[in-house]
>>> print(open('protein39.cif').read())   # mmCIF, C-alpha atoms
data_target
loop_
_atom_site.group_PDB
_atom_site.id
_atom_site.type_symbol
_atom_site.label_atom_id
_atom_site.label_comp_id
_atom_site.auth_asym_id
_atom_site.auth_seq_id
_atom_site.Cartn_x
_atom_site.Cartn_y
_atom_site.Cartn_z
ATOM 1 C CA MET A 1 248.883 257.449 74.459
ATOM 2 C CA ILE A 2 245.724 257.976 76.468
ATOM 3 C CA ASN A 3 246.355 254.868 78.567
ATOM 4 C CA LYS A 4 249.847 256.116 79.471
ATOM 5 C CA GLN A 5 248.452 259.498 80.535
ATOM 6 C CA LYS A 6 245.827 257.834 82.731
ATOM 7 C CA LYS A 7 248.479 255.724 84.452
ATOM 8 C CA GLN A 8 250.569 258.821 85.103
ATOM 9 C CA ILE A 9 247.597 260.680 86.566
ATOM 10 C CA ILE A 10 246.786 257.743 88.860
ATOM 11 C CA SER A 11 250.428 257.512 89.921
ATOM 12 C CA ASN A 12 250.610 261.231 90.713
ATOM 13 C CA ARG A 13 247.389 261.087 92.750
ATOM 14 C CA ARG A 14 248.696 258.133 94.750
ATOM 15 C CA LYS A 15 251.964 259.964 95.417
ATOM 16 C CA GLU A 16 250.127 263.100 96.584
ATOM 17 C CA ARG A 17 247.869 261.007 98.834
ATOM 18 C CA VAL A 18 250.842 259.264 100.476
ATOM 19 C CA ARG A 19 252.755 262.522 100.989
ATOM 20 C CA TYR A 20 249.663 264.252 102.423
ATOM 21 C CA LYS A 21 249.281 261.543 105.054
ATOM 22 C CA LEU A 22 252.973 261.794 105.924
ATOM 23 C CA LYS A 23 252.856 265.574 106.317
ATOM 24 C CA LYS A 24 250.067 265.260 108.897
ATOM 25 C CA GLN A 25 252.353 263.148 111.105
ATOM 26 C CA THR A 26 255.245 265.288 112.251
ATOM 27 C CA GLY A 27 258.078 264.453 114.579
ATOM 28 C CA ARG A 28 259.360 261.361 112.806
ATOM 29 C CA PRO A 29 261.908 261.173 110.006
ATOM 30 C CA ARG A 30 260.802 259.803 106.623
ATOM 31 C CA LEU A 31 262.143 256.494 105.329
ATOM 32 C CA VAL A 32 262.106 256.968 101.558
ATOM 33 C CA PHE A 33 262.372 253.933 99.271
ATOM 34 C CA ASN A 34 263.087 254.420 95.570
ATOM 35 C CA ARG A 35 263.320 251.942 92.714
ATOM 36 C CA SER A 36 265.150 253.006 89.598
ATOM 37 C CA ASN A 37 265.718 250.977 86.465
ATOM 38 C CA ARG A 38 269.132 249.961 87.750
ATOM 39 C CA TYR A 39 269.372 250.232 91.542
ATOM 40 C CA LEU A 40 267.385 250.427 94.766
ATOM 41 C CA THR A 41 267.905 253.293 97.199
ATOM 42 C CA ALA A 42 266.694 254.125 100.692
ATOM 43 C CA GLN A 43 267.113 257.291 102.759
ATOM 44 C CA VAL A 44 266.114 258.440 106.213
ATOM 45 C CA ILE A 45 265.338 262.161 105.915
ATOM 46 C CA ASP A 46 264.667 264.685 108.686
ATOM 47 C CA ASP A 47 262.247 267.162 107.096
ATOM 48 C CA SER A 48 262.460 269.694 109.902
ATOM 49 C CA LYS A 49 266.192 270.199 109.269
ATOM 50 C CA GLY A 50 266.112 269.253 105.604
ATOM 51 C CA GLU A 51 268.971 266.762 105.794
ATOM 52 C CA THR A 52 269.587 263.088 105.126
ATOM 53 C CA ILE A 53 270.389 261.104 108.266
ATOM 54 C CA ALA A 54 271.226 257.728 106.704
ATOM 55 C CA PHE A 55 271.183 256.191 103.237
ATOM 56 C CA ALA A 56 271.789 252.871 101.504
ATOM 57 C CA VAL A 57 272.159 252.104 97.801
ATOM 58 C CA SER A 58 272.439 248.748 96.068
ATOM 59 C CA SER A 59 275.406 250.069 94.038
ATOM 60 C CA GLU A 60 277.687 250.394 97.093
ATOM 61 C CA LYS A 61 280.934 248.468 97.194
ATOM 62 C CA ASP A 62 280.094 246.801 100.525
ATOM 63 C CA PHE A 63 276.636 245.706 99.333
ATOM 64 C CA PRO A 64 276.330 241.946 99.944
ATOM 65 C CA LYS A 65 276.238 239.679 96.915
ATOM 66 C CA VAL A 66 272.675 238.701 96.060
ATOM 67 C CA GLU A 67 271.499 236.201 93.523
ATOM 68 C CA GLY A 68 270.343 237.754 90.283
ATOM 69 C CA SER A 69 270.249 241.487 89.888
ATOM 70 C CA LEU A 70 270.893 244.487 92.137
ATOM 71 C CA LYS A 71 267.206 245.342 92.001
ATOM 72 C CA ASN A 72 265.347 242.114 92.855
ATOM 73 C CA LEU A 73 263.512 241.077 96.038
ATOM 74 C CA ASN A 74 266.664 239.811 97.736
ATOM 75 C CA ALA A 75 268.375 243.148 97.105
ATOM 76 C CA ALA A 76 265.348 244.956 98.574
ATOM 77 C CA LYS A 77 265.612 242.836 101.718
ATOM 78 C CA GLU A 78 269.328 243.613 102.043
ATOM 79 C CA ILE A 79 268.711 247.354 101.587
ATOM 80 C CA GLY A 80 266.092 247.170 104.350
ATOM 81 C CA LYS A 81 268.568 245.538 106.733
ATOM 82 C CA MET A 82 271.317 248.031 105.845
ATOM 83 C CA ILE A 83 269.190 251.154 106.291
ATOM 84 C CA ALA A 84 267.794 249.854 109.580
ATOM 85 C CA ALA A 85 271.261 249.201 110.977
ATOM 86 C CA ARG A 86 272.553 252.599 109.857
ATOM 87 C CA SER A 87 269.608 254.552 111.228
ATOM 88 C CA ILE A 88 269.691 252.702 114.562
ATOM 89 C CA ASP A 89 273.408 253.568 114.812
ATOM 90 C CA LYS A 90 272.409 257.235 114.418
ATOM 91 C CA GLY A 91 269.760 256.879 117.157
ATOM 92 C CA ILE A 92 266.637 256.711 114.954
ATOM 93 C CA LYS A 93 264.194 253.875 115.639
ATOM 94 C CA LYS A 94 260.812 255.356 114.700
ATOM 95 C CA VAL A 95 260.269 256.434 111.094
ATOM 96 C CA MET A 96 257.465 256.941 108.571
ATOM 97 C CA LEU A 97 257.598 254.894 105.360
ATOM 98 C CA ASP A 98 257.404 257.053 102.233
ATOM 99 C CA ARG A 99 256.814 254.723 99.301
ATOM 100 C CA GLY A 100 256.061 257.508 96.839
ATOM 101 C CA SER A 101 253.760 256.398 94.055
ATOM 102 C CA ALA A 102 254.696 252.712 94.374
ATOM 103 C CA LEU A 103 252.179 250.206 95.669
ATOM 104 C CA TYR A 104 252.953 248.372 98.914
ATOM 105 C CA HIS A 105 253.712 245.166 97.070
ATOM 106 C CA GLY A 106 256.739 243.248 95.854
ATOM 107 C CA LYS A 107 260.034 245.041 96.456
ATOM 108 C CA VAL A 108 258.477 247.752 98.618
ATOM 109 C CA ALA A 109 256.845 245.190 100.909
ATOM 110 C CA ALA A 110 260.038 243.093 101.092
ATOM 111 C CA PHE A 111 262.049 246.212 101.951
ATOM 112 C CA ALA A 112 259.608 247.293 104.666
ATOM 113 C CA GLU A 113 259.376 243.842 106.269
ATOM 114 C CA SER A 114 263.158 243.421 106.457
ATOM 115 C CA ALA A 115 263.548 246.921 107.933
ATOM 116 C CA ARG A 116 260.939 246.060 110.586
ATOM 117 C CA GLU A 117 262.682 242.787 111.402
ATOM 118 C CA ALA A 118 265.985 244.657 111.783
ATOM 119 C CA GLY A 119 264.493 246.970 114.410
ATOM 120 C CA LEU A 120 262.800 249.978 112.767
ATOM 121 C CA GLU A 121 259.284 250.930 113.833
ATOM 122 C CA PHE A 122 256.738 252.438 111.443
#
>>> encode(input="protein39.cif", output="structure tokens")
Amino acid sequence: MINKQKKQIISNRRKERVRYKLKKQTGRPRLVFNRSNRYLTAQVIDDSKGETIAFAVSSEKDFPKVEGSLKNLNAAKEIGKMIAARSIDKGIKKVMLDRGSALYHGKVAAFAESAREAGLEF
């Protein structure tokens, strides 16, 4: 039980640290990446207006078929390409990556690299 509480405290501190750094930089929308137990989601959020500009979810009907599950590295790469294309269509090229409490490793890194390759700058 104690080990689980320590992990949660570390996770919350990391999340607060990431959000604090993002709040200092204003003027750019946030690119939020979320991993659930079932799907991967990404949103581009304008905090000044409080609205979502673009989003992509691995549970969409037009999501390309990937080998394995809807939450593996290949799915993360596809979500990165989709959110980049949708945000560029809306006129957004510069964003800030909000990874929450997740480490920049694995699916988060694959997502970010594919979004950069598709044209987003962060």
>>> closest_residue(input="protein39.cif", among="A:Val108, A:Leu31, A:Ile45, A:Ala56", to="A:Ala76", atoms="all atoms listed in the file")
A:Val108
>>> resolve_selection(input="protein39.cif", expression="the PyMOL selection byres ((chain A and resi 122) around 10)", output="MDAnalysis selection string")
chainID A and resid 28 30:31 93:97 112 115:116 119:121
>>> closest_residue(input="protein39.cif", among="A:Val32, A:Ala109, A:Ile10, A:Val57", to="A:Lys71", atoms="all atoms listed in the file")
A:Val57
>>> atom_distance(input="protein39.cif", atom1="atom CA of A:Ser114", atom2="atom CA of A:Ile79")
8.4 Å
>>> closest_residue(input="protein39.cif", among="A:Ala54, A:Lys7, A:Tyr104, A:Asn34", to="A:Ile83", atoms="only C-alpha atoms")
A:Ala54
>>> atom_distance(input="protein39.cif", atom1="atom CA of A:Ile92", atom2="atom CA of A:Pro29")
8.2 Å
>>> residues_around(input="protein39.cif", residues="A:Lys90", least_positions_apart="4", cutoff="10 Å", atoms="only C-alpha atoms", output="VMD selection string")
chain A and resid 53 to 54 84 to 86
>>> atom_distance(input="protein39.cif", atom1="atom CA of A:Pro64", atom2="atom CA of A:Ala110")
16.4 Å
>>> resolve_selection(input="protein39.cif", expression="the PyMOL selection byres ((chain A and resi 59) around 10)", output="list in words")
Arg38, Tyr39, Leu40, Thr41, Ala56, Val57, Ser58, Glu60, Lys61, Asp62, Phe63, Leu70 and Lys71 of chain A
>>> resolve_selection(input="protein39.cif", expression="the PyMOL selection byres ((chain A and resi 47) around 10)", output="VMD selection string")
chain A and resid 23 26 to 30 44 to 46 48 to 52
>>> closest_residue(input="protein39.cif", among="A:Glu117, A:Met82, A:Lys4, A:Leu73", to="A:His105", atoms="all atoms listed in the file")
A:Leu73
>>> closest_residue(input="protein39.cif", among="A:Gly100, A:Ala118, A:Ser36, A:Glu113", to="A:Val18", atoms="all atoms listed in the file")
A:Gly100
>>> decode(input="protein39.cif", residues="stretch 1-43 of chain A", atoms="N, CA and C atoms", output="PDB file, in the first residue's frame")
ATOM      1  N   MET A   1       0.812  -1.188   0.000  1.00  0.00           N
ATOM      2  CA  MET A   1       0.000   0.000   0.000  1.00  0.00           C
ATOM      3  C   MET A   1       0.861   1.260   0.000  1.00  0.00           C
ATOM      4  N   ILE A   2       1.924   1.243   0.759  1.00  0.00           N
ATOM      5  CA  ILE A   2       2.789   2.410   0.841  1.00  0.00           C
ATOM      6  C   ILE A   2       3.459   2.674  -0.500  1.00  0.00           C
ATOM      7  N   ASN A   3       3.883   1.635  -1.186  1.00  0.00           N
ATOM      8  CA  ASN A   3       4.541   1.784  -2.476  1.00  0.00           C
ATOM      9  C   ASN A   3       3.593   2.433  -3.491  1.00  0.00           C
ATOM     10  N   LYS A   4       2.329   2.043  -3.472  1.00  0.00           N
ATOM     11  CA  LYS A   4       1.341   2.604  -4.388  1.00  0.00           C
ATOM     12  C   LYS A   4       1.127   4.088  -4.104  1.00  0.00           C
ATOM     13  N   GLN A   5       1.108   4.458  -2.830  1.00  0.00           N
ATOM     14  CA  GLN A   5       0.927   5.864  -2.461  1.00  0.00           C
ATOM     15  C   GLN A   5       2.129   6.697  -2.896  1.00  0.00           C
ATOM     16  N   LYS A   6       3.329   6.152  -2.771  1.00  0.00           N
ATOM     17  CA  LYS A   6       4.521   6.872  -3.202  1.00  0.00           C
ATOM     18  C   LYS A   6       4.503   7.106  -4.708  1.00  0.00           C
ATOM     19  N   LYS A   7       4.098   6.098  -5.466  1.00  0.00           N
ATOM     20  CA  LYS A   7       4.023   6.243  -6.918  1.00  0.00           C
ATOM     21  C   LYS A   7       3.009   7.317  -7.304  1.00  0.00           C
ATOM     22  N   GLN A   8       1.894   7.360  -6.589  1.00  0.00           N
ATOM     23  CA  GLN A   8       0.873   8.356  -6.887  1.00  0.00           C
ATOM     24  C   GLN A   8       1.364   9.763  -6.564  1.00  0.00           C
ATOM     25  N   ILE A   9       2.093   9.904  -5.469  1.00  0.00           N
ATOM     26  CA  ILE A   9       2.645  11.206  -5.108  1.00  0.00           C
ATOM     27  C   ILE A   9       3.653  11.669  -6.154  1.00  0.00           C
ATOM     28  N   ILE A  10       4.517  10.777  -6.604  1.00  0.00           N
ATOM     29  CA  ILE A  10       5.507  11.108  -7.627  1.00  0.00           C
ATOM     30  C   ILE A  10       4.812  11.502  -8.932  1.00  0.00           C
ATOM     31  N   SER A  11       3.775  10.760  -9.290  1.00  0.00           N
ATOM     32  CA  SER A  11       3.026  11.043 -10.506  1.00  0.00           C
ATOM     33  C   SER A  11       2.356  12.415 -10.430  1.00  0.00           C
ATOM     34  N   ASN A  12       1.756  12.733  -9.295  1.00  0.00           N
ATOM     35  CA  ASN A  12       1.100  14.027  -9.137  1.00  0.00           C
ATOM     36  C   ASN A  12       2.103  15.174  -9.186  1.00  0.00           C
ATOM     37  N   ARG A  13       3.273  14.994  -8.586  1.00  0.00           N
ATOM     38  CA  ARG A  13       4.307  16.030  -8.633  1.00  0.00           C
ATOM     39  C   ARG A  13       4.787  16.263 -10.060  1.00  0.00           C
ATOM     40  N   ARG A  14       4.969  15.178 -10.805  1.00  0.00           N
ATOM     41  CA  ARG A  14       5.411  15.304 -12.196  1.00  0.00           C
ATOM     42  C   ARG A  14       4.365  16.054 -13.011  1.00  0.00           C
ATOM     43  N   LYS A  15       3.097  15.721 -12.801  1.00  0.00           N
ATOM     44  CA  LYS A  15       2.009  16.375 -13.522  1.00  0.00           C
ATOM     45  C   LYS A  15       1.967  17.866 -13.201  1.00  0.00           C
ATOM     46  N   GLU A  16       2.101  18.229 -11.925  1.00  0.00           N
ATOM     47  CA  GLU A  16       2.108  19.633 -11.536  1.00  0.00           C
ATOM     48  C   GLU A  16       3.303  20.370 -12.143  1.00  0.00           C
ATOM     49  N   ARG A  17       4.459  19.720 -12.193  1.00  0.00           N
ATOM     50  CA  ARG A  17       5.656  20.330 -12.749  1.00  0.00           C
ATOM     51  C   ARG A  17       5.470  20.610 -14.243  1.00  0.00           C
ATOM     52  N   VAL A  18       4.903  19.654 -14.965  1.00  0.00           N
ATOM     53  CA  VAL A  18       4.682  19.824 -16.406  1.00  0.00           C
ATOM     54  C   VAL A  18       3.676  20.940 -16.648  1.00  0.00           C
ATOM     55  N   ARG A  19       2.572  20.942 -15.914  1.00  0.00           N
ATOM     56  CA  ARG A  19       1.549  21.975 -16.102  1.00  0.00           C
ATOM     57  C   ARG A  19       2.069  23.364 -15.729  1.00  0.00           C
ATOM     58  N   TYR A  20       2.914  23.454 -14.706  1.00  0.00           N
ATOM     59  CA  TYR A  20       3.477  24.742 -14.304  1.00  0.00           C
ATOM     60  C   TYR A  20       4.325  25.325 -15.430  1.00  0.00           C
ATOM     61  N   LYS A  21       5.131  24.494 -16.048  1.00  0.00           N
ATOM     62  CA  LYS A  21       5.969  24.958 -17.160  1.00  0.00           C
ATOM     63  C   LYS A  21       5.120  25.393 -18.348  1.00  0.00           C
ATOM     64  N   LEU A  22       4.005  24.702 -18.578  1.00  0.00           N
ATOM     65  CA  LEU A  22       3.136  25.060 -19.692  1.00  0.00           C
ATOM     66  C   LEU A  22       2.402  26.369 -19.438  1.00  0.00           C
ATOM     67  N   LYS A  23       2.028  26.622 -18.186  1.00  0.00           N
ATOM     68  CA  LYS A  23       1.305  27.850 -17.872  1.00  0.00           C
ATOM     69  C   LYS A  23       2.186  29.079 -18.025  1.00  0.00           C
ATOM     70  N   LYS A  24       3.505  28.931 -17.868  1.00  0.00           N
ATOM     71  CA  LYS A  24       4.410  30.056 -18.044  1.00  0.00           C
ATOM     72  C   LYS A  24       4.457  30.489 -19.507  1.00  0.00           C
ATOM     73  N   GLN A  25       4.307  29.548 -20.427  1.00  0.00           N
ATOM     74  CA  GLN A  25       4.339  29.850 -21.855  1.00  0.00           C
ATOM     75  C   GLN A  25       2.906  30.059 -22.333  1.00  0.00           C
ATOM     76  N   THR A  26       2.554  31.290 -22.618  1.00  0.00           N
ATOM     77  CA  THR A  26       1.204  31.545 -23.100  1.00  0.00           C
ATOM     78  C   THR A  26       1.249  31.860 -24.585  1.00  0.00           C
ATOM     79  N   GLY A  27       0.121  31.818 -25.213  1.00  0.00           N
ATOM     80  CA  GLY A  27       0.042  32.162 -26.624  1.00  0.00           C
ATOM     81  C   GLY A  27      -0.030  30.963 -27.553  1.00  0.00           C
ATOM     82  N   ARG A  28       0.279  29.793 -27.064  1.00  0.00           N
ATOM     83  CA  ARG A  28       0.193  28.595 -27.890  1.00  0.00           C
ATOM     84  C   ARG A  28      -0.867  27.656 -27.326  1.00  0.00           C
ATOM     85  N   PRO A  29      -1.574  26.955 -28.198  1.00  0.00           N
ATOM     86  CA  PRO A  29      -2.510  25.945 -27.706  1.00  0.00           C
ATOM     87  C   PRO A  29      -1.756  24.732 -27.148  1.00  0.00           C
ATOM     88  N   ARG A  30      -2.422  23.984 -26.279  1.00  0.00           N
ATOM     89  CA  ARG A  30      -1.831  22.784 -25.684  1.00  0.00           C
ATOM     90  C   ARG A  30      -2.202  21.573 -26.520  1.00  0.00           C
ATOM     91  N   LEU A  31      -1.242  20.707 -26.769  1.00  0.00           N
ATOM     92  CA  LEU A  31      -1.478  19.413 -27.398  1.00  0.00           C
ATOM     93  C   LEU A  31      -1.445  18.379 -26.278  1.00  0.00           C
ATOM     94  N   VAL A  32      -2.615  17.881 -25.901  1.00  0.00           N
ATOM     95  CA  VAL A  32      -2.749  16.977 -24.772  1.00  0.00           C
ATOM     96  C   VAL A  32      -2.819  15.547 -25.288  1.00  0.00           C
ATOM     97  N   PHE A  33      -1.965  14.682 -24.745  1.00  0.00           N
ATOM     98  CA  PHE A  33      -1.963  13.264 -25.103  1.00  0.00           C
ATOM     99  C   PHE A  33      -2.371  12.464 -23.879  1.00  0.00           C
ATOM    100  N   ASN A  34      -3.320  11.543 -24.057  1.00  0.00           N
ATOM    101  CA  ASN A  34      -3.820  10.746 -22.946  1.00  0.00           C
ATOM    102  C   ASN A  34      -3.855   9.277 -23.341  1.00  0.00           C
ATOM    103  N   ARG A  35      -3.411   8.434 -22.419  1.00  0.00           N
ATOM    104  CA  ARG A  35      -3.465   6.989 -22.609  1.00  0.00           C
ATOM    105  C   ARG A  35      -4.444   6.418 -21.595  1.00  0.00           C
ATOM    106  N   SER A  36      -5.465   5.757 -22.071  1.00  0.00           N
ATOM    107  CA  SER A  36      -6.359   5.066 -21.153  1.00  0.00           C
ATOM    108  C   SER A  36      -6.058   3.568 -21.254  1.00  0.00           C
ATOM    109  N   ASN A  37      -6.805   2.780 -20.524  1.00  0.00           N
ATOM    110  CA  ASN A  37      -6.589   1.338 -20.597  1.00  0.00           C
ATOM    111  C   ASN A  37      -7.020   0.763 -21.939  1.00  0.00           C
ATOM    112  N   ARG A  38      -7.857   1.492 -22.661  1.00  0.00           N
ATOM    113  CA  ARG A  38      -8.403   0.964 -23.899  1.00  0.00           C
ATOM    114  C   ARG A  38      -7.981   1.724 -25.151  1.00  0.00           C
ATOM    115  N   TYR A  39      -7.925   3.051 -25.074  1.00  0.00           N
ATOM    116  CA  TYR A  39      -7.688   3.868 -26.261  1.00  0.00           C
ATOM    117  C   TYR A  39      -6.633   4.937 -25.997  1.00  0.00           C
ATOM    118  N   LEU A  40      -6.206   5.570 -27.080  1.00  0.00           N
ATOM    119  CA  LEU A  40      -5.317   6.726 -27.028  1.00  0.00           C
ATOM    120  C   LEU A  40      -6.090   7.933 -27.543  1.00  0.00           C
ATOM    121  N   THR A  41      -5.919   9.072 -26.897  1.00  0.00           N
ATOM    122  CA  THR A  41      -6.598  10.285 -27.329  1.00  0.00           C
ATOM    123  C   THR A  41      -5.604  11.432 -27.395  1.00  0.00           C
ATOM    124  N   ALA A  42      -5.904  12.395 -28.261  1.00  0.00           N
ATOM    125  CA  ALA A  42      -5.112  13.611 -28.373  1.00  0.00           C
ATOM    126  C   ALA A  42      -6.056  14.766 -28.653  1.00  0.00           C
ATOM    127  N   GLN A  43      -5.766  15.921 -28.033  1.00  0.00           N
ATOM    128  CA  GLN A  43      -6.575  17.120 -28.229  1.00  0.00           C
ATOM    129  C   GLN A  43      -5.662  18.325 -28.353  1.00  0.00           C
TER     130      GLN A  43
END
